[in-house]
Amino acid sequence: MNTELKMALDILEKEKDISKDVMLDAIENSLITACKGHFGRDTDNFRVIIDKETFDFRVFVEKTVVEEPENDVTEISLAAAKLIDSKYELGDIVQEEVKSKEFGRITTQNARNVILQKIREEERKVLFNQYYGKEKDVVTGVVQRYIGRNVSVNLGKVDAILNENEMVKGEVFTPTERIKVYILEVKDTTKGPRILVSRTHPELVKRLFESEVTEVRDGTVEIKSIAREAGSRTKIAVWSNDPDVDPVGACVGLNGARVNAIVSELKGEKIDIINWNENPALLIENALSPAKVVVVLADPEDKTAKVVVPDYQLSLAIGKEGQNARLAARLTGFKIDIKSESQANAIEDFYEGFYDDEDEEEAYDSEYEGGEAYEDPKEYEDEESYEELEACDSDADEEDLDAEVYEEDGVMAPEGDGSVAEQEVTEWEQ
């Protein structure tokens, strides 16, 4: 048994993840290359036999039996063939063993280079496959050094490049600092895999939630949409596939432990977690959190929405430099027009196009105290329901009746405190 060769192949397989079969093929090719260099002939009559159990190998040159050979590498005389085996006749193929120890220094060096080149190729291939499988995922890296304005990050067996435009503005790293990065792209090059990573990609936040929140990882809670301005604020919309699981609570964690771990990793970036809703109006209302919304008029076809907020909430709804409204628009996919109550009331046709002709003819006059809006009681087909409202309005001692939420064709008015006593039903009747 060739013990030395076996040990060398075992080490390569363990440390560089290069299989023995690949290396045995490389050895075979190197021996054939050495034979061609030794005999000075570019022929294909060399054969290498390697025992995969004992790792012993033998090299043969195949020669054709002729009367008078003209090429000593490819032909052998009948007399010489008879000395090897008396059964050989003209035209037979004789396998003559070649002693690899007889090869010269240059030939041996060429064979060695063939093996080393194959090792490098396989190493690059293994690294590429390993990190290509991690593309679009989050990994932990160690900051190596600054290369100009870019940062070199070691991911274990290979270095990645964090470009300046993929770094959070104002974020500074120190050597040996451990950071989490999102793998954008893995390219295969002659010098090994070239990996580009990011700290600003919205998917980074999603992957961090998957690693921190069990419910997100197992699919109980889904992250439906993400809008991010790296280094400042992120909004995510979550949905639960289990009615017994609160998606927002699951992402926040006990005393905010889960979300705080992610905020810490993102160097203090604020994260707003809202409930996803199939109704675009409700989704827009949630997306504008923490601002309170009076009414949302959404057009799903044109992907536009008009939002009315209390006068004192207008600046909060828009946010600093328009950030809150901008993130809400990205999160929902709607173009959002935000007005205060006084602004909306001053625009005559503000609600035009969001109701059909019947709705526009209705006497719809409601007060938005507490963020509530009601349908005209006269439109109730159920007379008993209308009588209940009248009785409630006339009797101040009656218990409050739950307010209704107006949801129809993407038009919504958010719920308030449910107090009918606060609403002036007499105004509706007028």
# chains A, B, ... in the order shown; residues from 1 in each chain; ligands from 1
call {"tool": "select_by_dssp", "arguments": {"residues": "region 101-314 of chain A", "states": "strand (DSSP E or B)", "output": "PyMOL selection string"}}
result
chain A and resi 138-147+150-154+159-162+178-189+192-198+221-229+233-240+270-275+295-299+304-309
call {"tool": "residues_around", "arguments": {"residues": "region 275-280 of chain A", "least_positions_apart": "6", "cutoff": "8 Å", "atoms": "only C-alpha atoms", "output": "PyMOL selection string"}}
result
chain A and resi 224+237-239+247-248+286+298+300+332+410
call {"tool": "write_last_selection", "arguments": {"atoms": "N, CA, C and O atoms", "output": "PDB file, in the first residue's frame"}}
result
ATOM      1  N   LYS A 224     -44.353  40.065   5.348  1.00  0.00           N
ATOM      2  CA  LYS A 224     -44.970  40.314   4.043  1.00  0.00           C
ATOM      3  C   LYS A 224     -44.263  41.400   3.245  1.00  0.00           C
ATOM      4  O   LYS A 224     -44.181  41.320   2.016  1.00  0.00           O
ATOM      5  N   ALA A 237     -43.992  44.720   7.743  1.00  0.00           N
ATOM      6  CA  ALA A 237     -45.386  44.298   7.915  1.00  0.00           C
ATOM      7  C   ALA A 237     -45.397  42.785   8.104  1.00  0.00           C
ATOM      8  O   ALA A 237     -44.833  42.061   7.280  1.00  0.00           O
ATOM      9  N   VAL A 238     -46.012  42.327   9.188  1.00  0.00           N
ATOM     10  CA  VAL A 238     -45.991  40.900   9.512  1.00  0.00           C
ATOM     11  C   VAL A 238     -47.416  40.342   9.561  1.00  0.00           C
ATOM     12  O   VAL A 238     -48.381  41.063   9.829  1.00  0.00           O
ATOM     13  N   TRP A 239     -47.508  39.034   9.296  1.00  0.00           N
ATOM     14  CA  TRP A 239     -48.790  38.342   9.255  1.00  0.00           C
ATOM     15  C   TRP A 239     -48.637  36.984   9.920  1.00  0.00           C
ATOM     16  O   TRP A 239     -47.622  36.311   9.741  1.00  0.00           O
ATOM     17  N   PRO A 247     -48.479  38.246  15.638  1.00  0.00           N
ATOM     18  CA  PRO A 247     -47.245  38.407  14.867  1.00  0.00           C
ATOM     19  C   PRO A 247     -46.348  39.519  15.384  1.00  0.00           C
ATOM     20  O   PRO A 247     -45.131  39.365  15.437  1.00  0.00           O
ATOM     21  N   VAL A 248     -46.943  40.650  15.771  1.00  0.00           N
ATOM     22  CA  VAL A 248     -46.138  41.763  16.272  1.00  0.00           C
ATOM     23  C   VAL A 248     -45.488  41.392  17.597  1.00  0.00           C
ATOM     24  O   VAL A 248     -44.296  41.616  17.808  1.00  0.00           O
ATOM     25  N   ASN A 286     -52.053  51.270   9.265  1.00  0.00           N
ATOM     26  CA  ASN A 286     -51.031  50.673  10.120  1.00  0.00           C
ATOM     27  C   ASN A 286     -49.634  51.161   9.740  1.00  0.00           C
ATOM     28  O   ASN A 286     -48.791  51.394  10.615  1.00  0.00           O
ATOM     29  N   ALA A 298     -58.590  54.535  -0.331  1.00  0.00           N
ATOM     30  CA  ALA A 298     -57.609  53.830  -1.157  1.00  0.00           C
ATOM     31  C   ALA A 298     -58.217  53.351  -2.468  1.00  0.00           C
ATOM     32  O   ALA A 298     -59.343  52.850  -2.493  1.00  0.00           O
ATOM     33  N   PRO A 300     -57.330  50.622  -5.092  1.00  0.00           N
ATOM     34  CA  PRO A 300     -56.428  49.504  -5.367  1.00  0.00           C
ATOM     35  C   PRO A 300     -55.982  49.422  -6.823  1.00  0.00           C
ATOM     36  O   PRO A 300     -54.904  48.920  -7.102  1.00  0.00           O
ATOM     37  N   THR A 332     -46.364  49.689   1.433  1.00  0.00           N
ATOM     38  CA  THR A 332     -47.679  49.306   0.922  1.00  0.00           C
ATOM     39  C   THR A 332     -47.739  49.255  -0.598  1.00  0.00           C
ATOM     40  O   THR A 332     -48.612  48.590  -1.160  1.00  0.00           O
ATOM     41  N   GLY A 410     -62.182  49.397  -0.430  1.00  0.00           N
ATOM     42  CA  GLY A 410     -60.930  50.036  -0.084  1.00  0.00           C
ATOM     43  C   GLY A 410     -61.083  51.314   0.679  1.00  0.00           C
ATOM     44  O   GLY A 410     -60.119  52.012   0.934  1.00  0.00           O
TER      45      GLY A 410
END
call {"tool": "residues_around", "arguments": {"residues": "Gly268 (chain A)", "least_positions_apart": "3", "cutoff": "12 Å", "atoms": "only C-alpha atoms", "output": "list of chain:residue names"}}
result
A:Val168, A:Glu171, A:Ala230, A:Gly231, A:Ser232, A:Arg233, A:Thr234, A:Val259, A:Asn260, A:Ala261, A:Ile262, A:Val263, A:Ser264, A:Glu265, A:Ile271
call {"tool": "closest_residue", "arguments": {"among": "A:Gln313, A:Lys169, A:Glu185, A:Ile223", "to": "Glu269 (chain A)", "atoms": "only C-alpha atoms"}}
result
A:Lys169
call {"tool": "residues_around", "arguments": {"residues": "region 62-70 of chain A", "least_positions_apart": "5", "cutoff": "9 Å", "atoms": "only C-alpha atoms", "output": "NGL selection string"}}
result
:A and (44-47 or 75-81 or 88-97)
call {"tool": "atom_distance", "arguments": {"atom1": "CA of Phe209 (chain A)", "atom2": "CA of Ala328 (chain A)"}}
result
19.8 Å
call {"tool": "atom_distance", "arguments": {"atom1": "CA of Leu127 (chain A)", "atom2": "CA of Thr3 (chain A)"}}
result
28.2 Å
call {"tool": "residues_around", "arguments": {"residues": "Glu122 (chain A)", "least_positions_apart": "5", "cutoff": "10 Å", "atoms": "only C-alpha atoms", "output": "PyMOL selection string"}}
result
chain A and resi 16-19+22-23+116-117+127-128
call {"tool": "residues_around", "arguments": {"residues": "Ile32 (chain A)", "least_positions_apart": "4", "cutoff": "9 Å", "atoms": "only C-alpha atoms", "output": "MDAnalysis selection string"}}
result
chainID A and resid 27:28 36:37 44 46:48 59 111
call {"tool": "residues_around", "arguments": {"residues": "Gly319 (chain A)", "least_positions_apart": "6", "cutoff": "10 Å", "atoms": "only C-alpha atoms", "output": "CSV table (one decimal) with all heavy atoms, in the first residue's frame"}}
result
chain,number,residue,atom,x,y,z
A,288,LEU,N,-48.7,54.0,8.6
A,288,LEU,CA,-48.4,55.4,9.0
A,288,LEU,C,-48.2,55.5,10.5
A,288,LEU,O,-48.0,56.6,11.0
A,288,LEU,CB,-49.5,56.3,8.6
A,288,LEU,CG,-49.6,56.6,7.1
A,288,LEU,CD1,-50.9,57.3,6.7
A,288,LEU,CD2,-48.4,57.4,6.6
A,290,PRO,N,-46.4,55.8,13.9
A,290,PRO,CA,-47.3,56.0,15.1
A,290,PRO,C,-48.4,57.1,15.0
A,290,PRO,O,-49.0,57.4,15.9
A,290,PRO,CB,-46.3,56.4,16.2
A,290,PRO,CG,-45.2,57.1,15.4
A,290,PRO,CD,-45.1,56.4,14.1
A,291,ALA,N,-48.5,57.7,13.8
A,291,ALA,CA,-49.5,58.7,13.6
A,291,ALA,C,-50.9,58.1,13.6
A,291,ALA,O,-51.1,57.0,13.1
A,291,ALA,CB,-49.3,59.4,12.3
A,313,GLN,N,-51.6,65.9,14.1
A,313,GLN,CA,-50.8,64.7,13.7
A,313,GLN,C,-50.2,64.7,12.4
A,313,GLN,O,-49.5,63.8,12.0
A,313,GLN,CB,-51.8,63.5,13.8
A,313,GLN,CG,-52.3,63.1,15.1
A,313,GLN,CD,-51.3,62.2,15.9
A,313,GLN,OE1,-51.0,61.1,15.4
A,313,GLN,NE2,-50.8,62.6,17.0
A,325,ALA,N,-43.9,58.9,5.8
A,325,ALA,CA,-44.8,58.8,4.7
A,325,ALA,C,-44.1,58.0,3.5
A,325,ALA,O,-44.7,57.2,2.9
A,325,ALA,CB,-45.2,60.1,4.2
A,326,ARG,N,-42.8,58.3,3.4
A,326,ARG,CA,-42.0,57.7,2.3
A,326,ARG,C,-41.9,56.1,2.6
A,326,ARG,O,-42.1,55.3,1.6
A,326,ARG,CB,-40.6,58.3,2.2
A,326,ARG,CG,-39.8,57.9,1.1
A,326,ARG,CD,-38.6,58.8,0.8
A,326,ARG,NE,-37.8,58.9,2.0
A,326,ARG,CZ,-37.7,60.0,2.7
A,326,ARG,NH1,-38.4,61.1,2.4
A,326,ARG,NH2,-36.9,60.1,3.8
A,327,LEU,N,-41.6,55.8,3.8
A,327,LEU,CA,-41.5,54.3,4.1
A,327,LEU,C,-42.8,53.7,4.0
A,327,LEU,O,-42.9,52.5,3.6
A,327,LEU,CB,-40.9,54.2,5.5
A,327,LEU,CG,-39.4,54.5,5.7
A,327,LEU,CD1,-39.0,54.4,7.1
A,327,LEU,CD2,-38.6,53.6,4.9
call {"tool": "closest_residue", "arguments": {"among": "A:Ala346, A:Glu229, A:Gly104, A:Gly249", "to": "Gly322 (chain A)", "atoms": "only C-alpha atoms"}}
result
A:Glu229
call {"tool": "closest_residue", "arguments": {"among": "A:His201, A:Lys320, A:Arg178, A:Lys99", "to": "Phe57 (chain A)", "atoms": "only C-alpha atoms"}}
result
A:Lys99
call {"tool": "atom_distance", "arguments": {"atom1": "CA of Lys180 (chain A)", "atom2": "CA of Leu204 (chain A)"}}
result
8.6 Å
call {"tool": "closest_residue", "arguments": {"among": "A:Ser198, A:Gln144, A:Asn129, A:Thr107", "to": "Ile183 (chain A)", "atoms": "only C-alpha atoms"}}
result
A:Ser198
call {"tool": "closest_residue", "arguments": {"among": "A:Met7, A:Ala227, A:Val158, A:Val308", "to": "Ala329 (chain A)", "atoms": "only C-alpha atoms"}}
result
A:Ala227
call {"tool": "closest_residue", "arguments": {"among": "A:Gly219, A:Gly133, A:Gly170, A:Gly156", "to": "Lys187 (chain A)", "atoms": "only C-alpha atoms"}}
result
A:Gly133
